[in-house]
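Asker: Got a structure for you, final-v1.txt, holding compact mmCIF, C-alpha atoms.
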# COMPACT_ATOMS: atom_id res chain seq x y z
CA MET K 1 -212.97 121.78 17.82
CA LEU K 2 -212.61 123.52 21.21
CA ASP K 3 -214.13 121.42 23.96
CA SER K 4 -213.28 121.61 27.67
CA LEU K 5 -211.75 124.84 28.94
CA GLY K 6 -210.29 125.84 32.29
CA LEU K 7 -210.21 129.62 32.76
CA LEU K 8 -208.80 131.81 35.51
CA LEU K 9 -209.83 135.43 35.83
CA PRO K 10 -207.47 136.95 38.42
CA HIS K 11 -209.01 139.04 41.21
CA ASN K 12 -207.62 142.32 39.85
CA LEU K 13 -209.57 141.81 36.60
CA THR K 14 -213.02 141.30 38.16
CA TYR K 15 -215.40 144.25 38.07
CA ASP K 16 -216.28 144.11 41.74
CA SER K 17 -214.27 142.85 44.71
CA SER K 18 -217.48 141.51 46.27
CA LEU K 19 -217.99 139.28 43.20
CA LYS K 20 -221.52 140.63 42.79
CA PRO K 21 -221.65 139.99 39.03
CA ILE K 22 -221.71 136.22 39.56
CA LEU K 23 -223.56 135.91 42.87
CA LYS K 24 -226.78 135.05 41.05
CA ASN K 25 -225.03 131.89 39.78
CA ILE K 26 -223.66 130.81 43.16
CA GLN K 27 -225.17 127.76 44.86
CA SER K 28 -222.77 127.11 47.76
CA CYS K 29 -220.06 128.61 49.95
CA HIS K 30 -217.00 126.83 51.38
CA GLU K 31 -214.41 127.98 53.92
CA ASN K 32 -210.84 126.69 54.04
CA LEU K 33 -210.28 126.14 57.77
CA GLU K 34 -206.50 126.44 57.41
CA THR K 35 -206.35 129.69 55.44
CA GLY K 36 -209.76 131.16 56.17
CA ASP K 37 -210.33 131.63 52.42
CA ILE K 38 -213.98 131.57 51.42
CA THR K 39 -214.83 130.11 48.02
CA TYR K 40 -218.20 130.56 46.34
CA LYS K 41 -219.24 127.77 43.99
CA GLY K 42 -221.92 127.65 41.36
CA SER K 43 -222.50 127.15 37.66
CA ILE K 44 -223.58 128.73 34.42
CA ARG K 45 -225.20 125.92 32.46
CA ASN K 46 -222.52 123.20 32.52
CA PHE K 47 -219.64 125.55 33.43
CA VAL K 48 -218.56 125.19 37.06
CA ILE K 49 -217.63 128.46 38.80
CA ALA K 50 -215.35 128.82 41.81
CA ALA K 51 -214.73 132.34 43.11
CA ASN K 52 -212.68 133.68 46.00
CA GLN K 53 -210.42 136.62 46.82
CA HIS K 54 -207.80 135.28 44.37
CA GLY K 55 -210.11 135.34 41.35
CA VAL K 56 -212.73 133.36 39.48
CA LYS K 57 -212.25 129.97 37.87
CA PHE K 58 -214.45 128.50 35.15
CA TYR K 59 -214.30 124.90 33.99
CA GLY K 60 -216.53 123.06 31.51
CA SER K 61 -217.12 121.94 27.95
CA LEU K 62 -217.68 124.88 25.64
CA ALA K 63 -219.41 122.57 23.13
CA LYS K 64 -221.90 121.38 25.78
CA PHE K 65 -222.41 124.98 26.88
CA TRP K 66 -223.37 126.00 23.33
CA PHE K 67 -225.04 122.91 21.87
CA GLY K 68 -226.14 121.05 24.99
CA ASN K 69 -223.84 118.17 24.00
CA ASN K 70 -220.29 117.68 22.74
CA VAL K 71 -221.28 115.41 19.89
CA GLN K 72 -221.64 118.49 17.74
CA THR K 73 -218.34 120.32 17.58
CA LEU K 74 -217.58 124.03 17.50
CA ASN K 75 -216.09 125.77 14.50
CA TYR K 76 -214.36 129.14 14.55
CA GLU K 77 -217.56 131.20 14.38
CA THR K 78 -219.52 129.23 17.00
CA THR K 79 -216.49 129.31 19.31
CA LYS K 80 -216.57 133.10 19.30
CA LEU K 81 -220.34 133.16 19.87
CA ALA K 82 -220.15 130.69 22.76
CA LEU K 83 -217.39 132.64 24.53
CA ASP K 84 -219.26 135.91 24.06
CA GLU K 85 -222.35 134.36 25.63
CA LEU K 86 -220.35 133.00 28.57
CA ALA K 87 -219.00 136.51 29.16
CA GLU K 88 -222.49 138.01 28.96
CA LEU K 89 -224.07 135.49 31.34
CA SER K 90 -221.25 135.76 33.89
CA GLY K 91 -221.06 139.55 33.81
CA LEU K 92 -217.27 139.26 33.85
CA PRO K 93 -214.53 140.11 31.30
CA ILE K 94 -214.04 136.48 30.33
CA HIS K 95 -211.94 137.39 27.29
CA LYS K 96 -209.14 138.51 29.65
CA ALA K 97 -209.13 135.19 31.52
CA LEU K 98 -206.03 133.01 31.42
CA VAL K 99 -206.47 129.52 29.92
CA TYR K 100 -205.15 126.79 32.25
CA ARG K 101 -206.85 123.83 30.54
CA LEU K 102 -207.32 123.50 26.79
CA ASP K 103 -209.00 120.56 25.03
CA VAL K 104 -209.22 120.32 21.26
CA GLY K 105 -211.16 117.42 19.77
CA GLU K 106 -213.13 116.22 16.79
CA ASN K 107 -215.39 113.29 15.97
CA ILE K 108 -214.06 111.46 12.92
CA VAL K 109 -216.65 109.57 10.91
CA VAL K 110 -214.99 106.26 10.03
CA ASN K 111 -216.01 103.18 8.07
CA HIS K 112 -215.72 100.70 10.94
CA PRO K 113 -216.38 100.72 14.71
CA ALA K 114 -213.79 102.77 16.61
CA LEU K 115 -212.42 99.65 18.32
CA SER K 116 -211.10 98.44 14.95
CA TYR K 117 -208.50 101.23 14.80
CA TYR K 118 -206.72 101.25 18.19
CA THR K 119 -204.46 98.29 17.38
CA TYR K 120 -202.63 100.33 14.75
CA PHE K 121 -201.69 103.25 17.00
CA GLY K 122 -198.29 102.61 18.57
CA GLU K 123 -196.04 104.43 21.04
CA LYS K 124 -195.60 108.17 21.49
CA ASN K 125 -192.35 109.72 22.74
CA ASN K 126 -192.37 110.88 26.38
CA MET K 127 -195.96 109.73 26.85
CA GLU K 128 -197.37 106.58 28.41
CA ARG K 129 -199.64 104.49 26.17
CA ILE K 130 -202.67 103.38 28.22
CA PRO K 131 -205.40 101.27 26.58
CA PHE K 132 -208.80 101.29 28.27
CA LYS K 133 -212.06 99.48 27.59
CA HIS K 134 -213.39 101.71 24.83
CA GLY K 135 -210.32 103.69 23.85
CA LEU K 136 -206.65 104.56 24.09
CA THR K 137 -204.84 107.30 26.02
CA TYR K 138 -201.35 108.80 25.71
CA ARG K 139 -200.41 110.73 28.84
CA ASN K 140 -197.75 112.69 30.65
CA LYS K 141 -198.03 115.33 33.38
CA ARG K 142 -198.96 118.21 31.08
CA ARG K 143 -200.52 116.68 28.00
CA GLU K 144 -202.91 113.91 26.91
CA SER K 145 -204.07 112.53 23.59
CA VAL K 146 -207.12 110.28 23.64
CA PHE K 147 -208.99 108.09 21.17
CA TYR K 148 -212.39 106.76 22.16
CA ASP K 149 -215.69 105.52 20.79
CA LYS K 150 -218.04 108.49 20.72
CA ASN K 151 -221.05 106.28 19.99
CA ILE K 152 -220.70 104.61 23.39
CA GLU K 153 -220.50 107.99 25.15
CA ILE K 154 -223.63 109.18 23.34
CA LYS K 155 -225.59 106.14 24.48
CA LYS K 156 -224.37 106.42 28.09
CA SER K 157 -224.99 110.16 28.37
CA LYS K 158 -228.36 110.05 26.58
CA PHE K 159 -227.60 113.31 24.76
CA LYS K 160 -230.41 114.53 22.53
CA VAL K 161 -228.83 114.18 19.12
CA ASP K 162 -229.92 113.51 15.57
CA PRO K 163 -230.74 109.74 15.45
CA LYS K 164 -228.77 109.54 12.20
CA LEU K 165 -225.58 110.16 14.21
CA LEU K 166 -226.12 106.85 15.98
CA GLU K 167 -225.92 105.10 12.62
CA LEU K 168 -222.36 106.43 12.07
CA ASN K 169 -219.09 105.12 13.46
CA LEU K 170 -217.57 108.03 15.40
CA LEU K 171 -213.90 107.91 16.41
CA ARG K 172 -213.15 110.75 18.81
CA PHE K 173 -209.61 112.15 18.96
CA GLU K 174 -208.78 114.78 21.59
CA THR K 175 -205.62 116.46 22.79
CA ARG K 176 -205.60 118.13 26.22
CA TRP K 177 -203.05 120.66 27.48
CA LYS K 178 -202.79 121.48 31.20
CA GLY K 179 -201.30 124.45 33.04
CA HIS K 180 -201.26 128.04 31.81
CA SER K 181 -197.46 128.32 31.72
CA TYR K 182 -197.14 125.03 29.85
CA ILE K 183 -199.84 125.99 27.32
CA ALA K 184 -198.12 129.31 26.65
CA SER K 185 -194.70 127.68 26.21
CA TYR K 186 -196.12 124.91 24.01
CA PHE K 187 -197.64 127.45 21.61
CA LYS K 188 -194.65 129.81 21.97
CA VAL K 189 -196.64 132.84 23.09
CA PRO K 190 -196.28 135.02 26.25
CA GLN K 191 -199.71 133.96 27.53
CA VAL K 192 -202.93 132.38 26.32
CA THR K 193 -206.18 134.16 27.17
CA VAL K 194 -209.71 133.62 25.91
CA GLN K 195 -209.11 136.49 23.49
CA THR K 196 -206.08 134.59 22.15
CA LEU K 197 -208.25 131.56 21.40
CA ILE K 198 -210.42 133.48 18.95
CA GLU K 199 -207.61 135.12 17.02
CA PRO K 200 -207.70 133.43 13.57
CA THR K 201 -203.95 132.77 13.47
CA PHE K 202 -203.90 131.17 16.92
CA TYR K 203 -207.10 129.22 16.26
CA ARG K 204 -205.50 127.60 13.22
CA LEU K 205 -202.33 127.02 15.26
CA MET K 206 -204.40 125.04 17.80
CA ILE K 207 -205.85 122.84 15.08
CA SER K 208 -202.38 122.34 13.59
CA ALA K 209 -201.11 121.31 17.03
CA TRP K 210 -203.97 118.80 17.30
CA VAL K 211 -202.90 117.29 13.96
CA THR K 212 -199.24 117.29 15.05
CA GLU K 213 -200.10 115.40 18.24
CA TYR K 214 -201.80 112.77 16.08
CA ASP K 215 -198.79 112.61 13.73
CA LEU K 216 -196.42 112.06 16.67
CA ILE K 217 -198.15 108.80 17.52
CA GLY K 218 -196.31 105.82 16.05
CA LYS K 219 -198.37 103.92 13.50
CA TYR K 220 -198.29 100.15 13.09
CA ASP K 221 -198.93 100.32 9.37
CA ASP K 222 -196.84 97.18 8.87
CA VAL K 223 -199.19 95.10 11.00
CA PRO K 224 -200.52 92.32 8.72
CA MET K 225 -203.85 93.06 7.14
CA PHE K 226 -205.44 90.79 4.60
CA GLU K 227 -208.30 91.09 2.17
CA ASP K 228 -211.56 90.46 4.01
CA GLY K 229 -212.20 87.20 2.17
CA VAL K 230 -209.11 85.64 3.79
CA TYR K 231 -210.69 85.73 7.24
CA ARG K 232 -213.71 83.74 6.09
CA LYS K 233 -211.57 80.81 4.94
CA PRO K 234 -209.39 79.25 7.66
CA SER K 235 -207.32 77.33 5.10
CA GLU K 236 -206.57 80.54 3.16
CA PHE K 237 -205.72 82.37 6.38
CA THR K 238 -203.27 79.59 7.29
CA LYS K 239 -201.62 79.84 3.85
CA GLN K 240 -201.17 83.59 4.26
CA LEU K 241 -199.53 83.10 7.66
CA ALA K 242 -197.22 80.46 6.18
CA LEU K 243 -196.30 82.81 3.33
CA MET K 244 -195.40 85.55 5.81
CA GLY K 245 -193.39 83.07 7.87
CA ILE K 246 -191.36 82.05 4.82
CA ARG K 247 -190.58 85.69 4.04
CA SER K 248 -189.52 86.34 7.63
CA MET K 249 -187.06 83.43 7.30
CA GLY K 250 -185.40 84.94 4.25
CA GLY K 251 -187.58 83.67 1.42
CA PHE K 252 -188.27 80.38 -0.35
CA ILE K 253 -184.64 79.63 -1.22
CA ASN K 254 -183.53 79.90 2.41
CA VAL K 255 -186.46 77.84 3.68
CA MET K 256 -185.90 75.10 1.10
CA ASP K 257 -182.22 75.07 2.04
CA GLN K 258 -183.17 74.55 5.70
CA VAL K 259 -185.41 71.64 4.70
CA LYS K 260 -182.47 70.06 2.81
CA GLN K 261 -180.14 70.59 5.78
CA ALA K 262 -182.70 68.91 8.03
CA ASN K 263 -182.70 65.94 5.68
CA ASN K 264 -178.89 65.80 5.81
CA ARG K 265 -179.13 65.68 9.61
CA LYS K 266 -181.57 62.77 9.22
CA ALA K 267 -184.36 64.77 10.94
CA PHE K 268 -187.00 62.88 8.93
CA ASN K 269 -188.13 59.37 9.79
CA THR K 270 -188.73 58.52 6.15
CA THR K 271 -187.80 59.83 2.72
CA GLN K 272 -191.51 60.34 2.06
CA GLN K 273 -191.68 62.92 4.88
CA TYR K 274 -188.84 64.89 3.29
CA ILE K 275 -190.45 64.80 -0.17
CA ALA K 276 -193.87 65.79 1.23
CA LEU K 277 -192.42 68.82 3.05
CA LYS K 278 -190.52 69.98 -0.04
CA ARG K 279 -193.74 69.71 -2.06
CA LYS K 280 -195.60 71.70 0.60
CA VAL K 281 -193.06 74.52 0.45
CA ARG K 282 -193.12 74.53 -3.37
CA ASP K 283 -196.92 74.71 -3.36
CA LEU K 284 -196.79 77.82 -1.21
CA GLN K 285 -194.86 79.58 -3.98
CA THR K 286 -198.06 79.59 -6.01
CA VAL K 287 -200.15 81.20 -3.24
CA ARG K 288 -201.26 84.72 -4.11
CA ASP K 289 -200.20 87.26 -1.51
CA ARG K 290 -203.42 88.76 -0.21
CA LYS K 291 -201.86 91.23 2.19
CA VAL K 292 -203.21 94.73 1.53
CA ALA K 293 -202.32 98.28 2.54
CA ASN K 294 -203.58 99.33 5.95
CA VAL K 295 -206.73 101.05 4.74
CA LEU K 296 -207.86 101.85 8.29
CA LEU K 297 -204.80 103.98 9.02
CA ALA K 298 -204.95 105.60 5.60
CA GLU K 299 -208.58 106.51 6.25
CA VAL K 300 -207.91 108.17 9.62
CA ASN K 301 -204.78 109.95 8.34
CA THR K 302 -206.75 111.50 5.51
CA LYS K 303 -209.67 112.58 7.67
CA ILE K 304 -207.43 114.14 10.33
CA LEU K 305 -205.79 116.27 7.64
CA ASP K 306 -209.23 117.22 6.27
CA VAL K 307 -210.08 118.73 9.65
CA LEU K 308 -207.08 121.05 9.38
CA ARG K 309 -207.86 121.88 5.77
CA TYR K 310 -211.33 123.18 6.66
CA ALA K 311 -210.56 124.57 10.13
CA VAL K 312 -210.78 128.29 9.33
For the file at hand, write its structure as structure tokens.
Answerer:
Amino acid sequence: MLDSLGLLLPHNLTYDSSLKPILKNIQSCHENLETGDITYKGSIRNFVIAANQHGVKFYGSLAKFWFGNNVQTLNYETTKLALDELAELSGLPIHKALVYRLDVGENIVVNHPALSYYTYFGEKNNMERIPFKHGLTYRNKRRESVFYDKNIEIKKSKFKVDPKLLELNLLRFETRWKGHSYIASYFKVPQVTVQTLIEPTFYRLMISAWVTEYDLIGKYDDVPMFEDGVYRKPSEFTKQLALMGIRSMGGFINVMDQVKQANNRKAFNTTQQYIALKRKVRDLQTVRDRKVANVLLAEVNTKILDVLRYAV
């Protein structure tokens, strides 16, 4: 579930003021001409390192660090192992680092291509809804929730993954929190460190928050959805639209009354037109309503809750 992390290890928590423990991972050095601060930059696998007299920052995907891709997702046990290995390779007390960026995400195996689902996700309070080519983002200054098609990312990135994964429809849902103070206040704790992330209670709290962020998104479950057979028959599709139109106008009695009023106003050129329209409305009363429950939303709702159920 944990994906990208931004970590800050303040200077007073590093083992050595000369930053020797990480020098073997440094590839470049940059000087700020205004302040004179010197920043060393490098990487440990995919994690970017930036170190100066203020401390050491780490940023990267923990899933990619551990698996080599973020198609596979971390569970509680592999999260602990990955963070332990990052600490060992860096030579620094990573578990004391403050978390300033926290991404939690999961790939949901769905029955249809991811694009089929975005239409049914509505607005979210205090967040801007931003559709993009292969997904949907909700964003404010401190938080994001994102849906996107994981299959497309796999193909673009050329990750080495089990070919069977490419046969699945993968809907990715992530929530991203930004800023250490905001993260701490959101989760109602004094501070969030790497050690906090691997405490069982907090780990489950993160997954619960991920589910809550999904729940807070408005759902268009009243958007018309018909049985699949309707779409293959234009005449049947037209009948279903007419049936919905009649209901939106107050039902058959109201619609028939409007037809009669139109006749009283002499809106028809001939009596035959009036009779034909009445017959058409009556015929629609025999049409079977083929609107069905929004199975796509029900599917995602269930699978999001399953993630929480098996989180720890």
Asker: Skip segment 147-150 of chain K itself and residues of its chain fewer than 5 positions away, then list as a PyMOL selection string all residues within 12 Å of it, counting all atoms listed in the file.
Answerer: chain K and resi 69-72+105-110+112-121+129-139+155-159+165-176+213-214+217+300
Asker: In Å, with one decimal, what is the gap from atom CA of Val292 of chain K to atom CA of Asp221 of chain K?
Answerer: 10.5 Å
Asker: Would you mind telling me which residue in K:Arg142, K:Lys266, K:Lys160, K:His95 lies nearest to Ser185 of chain K when using all atoms listed in the file?
Answerer: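 Counting all atoms listed in the file, the residue closest to Ser185 of chain K is K:Arg142.
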Asker: Which residues, written as a PyMOL selection string, have at least one atom at most 12 Å from Thr302 of chain K, with all atoms listed in the file counted and residues fewer than 3 positions away on the same chain left out?
Answerer: chain K and resi 108-110+211+214-215+295-299+305-309
Asker: Which residue gives the smallest distance to Thr201 of chain K among K:Val99, K:Leu9, K:Tyr76, K:Lys64, with all atoms listed in the file counted?
Answerer: K:Tyr76
Asker: What does the distance from atom CA of Arg204 of chain K to atom CA of Tyr220 of chain K come to in Å, to one decimal?
Answerer: 28.4 Å
Asker: Please work out which residues fall within 10 Å of (-212.3, 125.5, 14.8), coordinates as given in the file, with all atoms listed in the file counting, and return them as a list in words.
Answerer: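 Counting all atoms listed in the file, I find these residues within 10 Å of (-212.3, 125.5, 14.8): Met1, Leu2, Thr73, Leu74, Asn75, Tyr76, Glu77, Thr78, Thr79, Lys80, Val104, Gly105, Glu106, Leu197, Ile198, Pro200, Tyr203, Arg204, Met206, Ile207, Val307, Leu308, Tyr310, Ala311 and Val312 of chain K.
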Asker: With 5 Å added on each side, what axis-aligned box encloses every listed atom of segment 107-126 of chain K? Give the centre and edge lengths in Å to one decimal, as JSON.
Answerer:
{"center_x": -204.5, "center_y": 105.8, "center_z": 17.2, "size_x": 34.3, "size_y": 25.0, "size_z": 28.3}
Asker: What does the distance from atom CA of Val194 of chain K to atom CA of Asn126 of chain K come to in Å, to one decimal?
Answerer: 28.6 Å
Asker: Counting all atoms listed in the file, select every polymer residue within 9 Å of (-201.8, 87.3, -1.6) as defined in the file's coordinates, and provide the selection as a list in words.
Answerer: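 Those within range, by chain then number, are Phe226, Glu227, Gln240, Leu243, Val287, Arg288, Asp289, Arg290, Lys291 and Val292 of chain K.
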Asker: Grab the residues selected above and save them as a PDB file, in the frame of the given file with C-alpha atoms.
Answerer:
ATOM      1  CA  PHE K 226    -205.440  90.790   4.600  1.00  0.00           C
ATOM      2  CA  GLU K 227    -208.300  91.090   2.170  1.00  0.00           C
ATOM      3  CA  GLN K 240    -201.170  83.590   4.260  1.00  0.00           C
ATOM      4  CA  LEU K 243    -196.300  82.810   3.330  1.00  0.00           C
ATOM      5  CA  VAL K 287    -200.150  81.200  -3.240  1.00  0.00           C
ATOM      6  CA  ARG K 288    -201.260  84.720  -4.110  1.00  0.00           C
ATOM      7  CA  ASP K 289    -200.200  87.260  -1.510  1.00  0.00           C
ATOM      8  CA  ARG K 290    -203.420  88.760  -0.210  1.00  0.00           C
ATOM      9  CA  LYS K 291    -201.860  91.230   2.190  1.00  0.00           C
ATOM     10  CA  VAL K 292    -203.210  94.730   1.530  1.00  0.00           C
TER      11      VAL K 292
END
Asker: Let me make sure I understand: among K:Asn111, K:Gln261, K:Asn140, K:Asn151, which one has the smallest atom-to-atom distance to Asn125 of chain K if we use only C-alpha atoms?
Answerer: K:Asn140
Asker: Output segment 43-72 of chain K from the block with N, CA and C atoms, as an mmCIF file, in the first residue's frame?
Answerer:
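Output file result.cif is given in full below:
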data_model
loop_
_atom_site.group_PDB
_atom_site.id
_atom_site.type_symbol
_atom_site.label_atom_id
_atom_site.label_comp_id
_atom_site.auth_asym_id
_atom_site.auth_seq_id
_atom_site.Cartn_x
_atom_site.Cartn_y
_atom_site.Cartn_z
ATOM 1 N N SER K 43 21.715 8.958 -5.035
ATOM 2 C CA SER K 43 20.568 8.053 -4.985
ATOM 3 C C SER K 43 20.956 6.715 -4.388
ATOM 4 N N ILE K 44 19.962 6.061 -3.841
ATOM 5 C CA ILE K 44 20.063 4.661 -3.431
ATOM 6 C C ILE K 44 18.940 3.954 -4.175
ATOM 7 N N ARG K 45 19.317 3.166 -5.175
ATOM 8 C CA ARG K 45 18.343 2.611 -6.116
ATOM 9 C C ARG K 45 17.522 3.776 -6.680
ATOM 10 N N ASN K 46 16.192 3.733 -6.502
ATOM 11 C CA ASN K 46 15.366 4.801 -7.067
ATOM 12 C C ASN K 46 15.167 5.972 -6.104
ATOM 13 N N PHE K 47 15.645 5.855 -4.864
ATOM 14 C CA PHE K 47 15.458 6.936 -3.895
ATOM 15 C C PHE K 47 16.476 8.036 -4.133
ATOM 16 N N VAL K 48 15.989 9.253 -4.339
ATOM 17 C CA VAL K 48 16.851 10.420 -4.516
ATOM 18 C C VAL K 48 17.258 10.929 -3.140
ATOM 19 N N ILE K 49 18.553 11.282 -3.007
ATOM 20 C CA ILE K 49 19.079 11.793 -1.745
ATOM 21 C C ILE K 49 19.555 13.222 -1.951
ATOM 22 N N ALA K 50 19.220 14.097 -1.020
ATOM 23 C CA ALA K 50 19.760 15.457 -1.022
ATOM 24 C C ALA K 50 20.202 15.764 0.403
ATOM 25 N N ALA K 51 21.500 16.061 0.570
ATOM 26 C CA ALA K 51 22.043 16.259 1.915
ATOM 27 C C ALA K 51 22.795 17.579 2.008
ATOM 28 N N ASN K 52 22.540 18.307 3.070
ATOM 29 C CA ASN K 52 23.305 19.522 3.358
ATOM 30 C C ASN K 52 23.379 19.706 4.870
ATOM 31 N N GLN K 53 23.811 20.897 5.314
ATOM 32 C CA GLN K 53 24.011 21.096 6.743
ATOM 33 C C GLN K 53 22.704 21.081 7.537
ATOM 34 N N HIS K 54 21.561 21.143 6.830
ATOM 35 C CA HIS K 54 20.267 21.122 7.514
ATOM 36 C C HIS K 54 19.760 19.700 7.747
ATOM 37 N N GLY K 55 20.263 18.745 6.982
ATOM 38 C CA GLY K 55 19.817 17.375 7.129
ATOM 39 C C GLY K 55 19.852 16.620 5.814
ATOM 40 N N VAL K 56 19.198 15.478 5.807
ATOM 41 C CA VAL K 56 19.188 14.621 4.624
ATOM 42 C C VAL K 56 17.734 14.348 4.224
ATOM 43 N N LYS K 57 17.449 14.560 2.937
ATOM 44 C CA LYS K 57 16.127 14.262 2.415
ATOM 45 C C LYS K 57 16.181 13.036 1.517
ATOM 46 N N PHE K 58 15.162 12.211 1.614
ATOM 47 C CA PHE K 58 14.993 11.044 0.743
ATOM 48 C C PHE K 58 13.634 11.182 0.061
ATOM 49 N N TYR K 59 13.588 10.870 -1.233
ATOM 50 C CA TYR K 59 12.299 10.851 -1.911
ATOM 51 C C TYR K 59 12.301 9.751 -2.967
ATOM 52 N N GLY K 60 11.253 8.919 -2.952
ATOM 53 C CA GLY K 60 11.134 7.869 -3.958
ATOM 54 C C GLY K 60 9.996 6.925 -3.637
ATOM 55 N N SER K 61 9.761 5.999 -4.533
ATOM 56 C CA SER K 61 8.720 4.989 -4.348
ATOM 57 C C SER K 61 9.301 3.811 -3.584
ATOM 58 N N LEU K 62 8.713 3.530 -2.430
ATOM 59 C CA LEU K 62 9.188 2.405 -1.625
ATOM 60 C C LEU K 62 8.898 1.082 -2.333
ATOM 61 N N ALA K 63 7.792 1.015 -3.063
ATOM 62 C CA ALA K 63 7.465 -0.211 -3.810
ATOM 63 C C ALA K 63 8.507 -0.470 -4.901
ATOM 64 N N LYS K 64 8.896 0.573 -5.644
ATOM 65 C CA LYS K 64 9.924 0.407 -6.677
ATOM 66 C C LYS K 64 11.267 0.038 -6.043
ATOM 67 N N PHE K 65 11.552 0.631 -4.898
ATOM 68 C CA PHE K 65 12.794 0.322 -4.188
ATOM 69 C C PHE K 65 12.856 -1.163 -3.860
ATOM 70 N N TRP K 66 11.743 -1.733 -3.433
ATOM 71 C CA TRP K 66 11.728 -3.126 -2.967
ATOM 72 C C TRP K 66 11.513 -4.129 -4.101
ATOM 73 N N PHE K 67 10.555 -3.841 -4.977
ATOM 74 C CA PHE K 67 10.197 -4.793 -6.027
ATOM 75 C C PHE K 67 10.837 -4.482 -7.378
ATOM 76 N N GLY K 68 11.296 -3.242 -7.549
ATOM 77 C CA GLY K 68 11.774 -2.835 -8.864
ATOM 78 C C GLY K 68 10.667 -2.276 -9.726
ATOM 79 N N ASN K 69 9.442 -2.243 -9.201
ATOM 80 C CA ASN K 69 8.290 -1.651 -9.889
ATOM 81 C C ASN K 69 7.254 -1.310 -8.826
ATOM 82 N N ASN K 70 6.245 -0.514 -9.200
ATOM 83 C CA ASN K 70 5.164 -0.261 -8.235
ATOM 84 C C ASN K 70 3.849 -0.840 -8.738
ATOM 85 N N VAL K 71 3.988 -1.904 -9.543
ATOM 86 C CA VAL K 71 2.816 -2.674 -9.938
ATOM 87 C C VAL K 71 2.470 -3.622 -8.796
ATOM 88 N N GLN K 72 3.510 -4.281 -8.275
ATOM 89 C CA GLN K 72 3.336 -5.027 -7.039
ATOM 90 C C GLN K 72 3.245 -4.019 -5.901
#
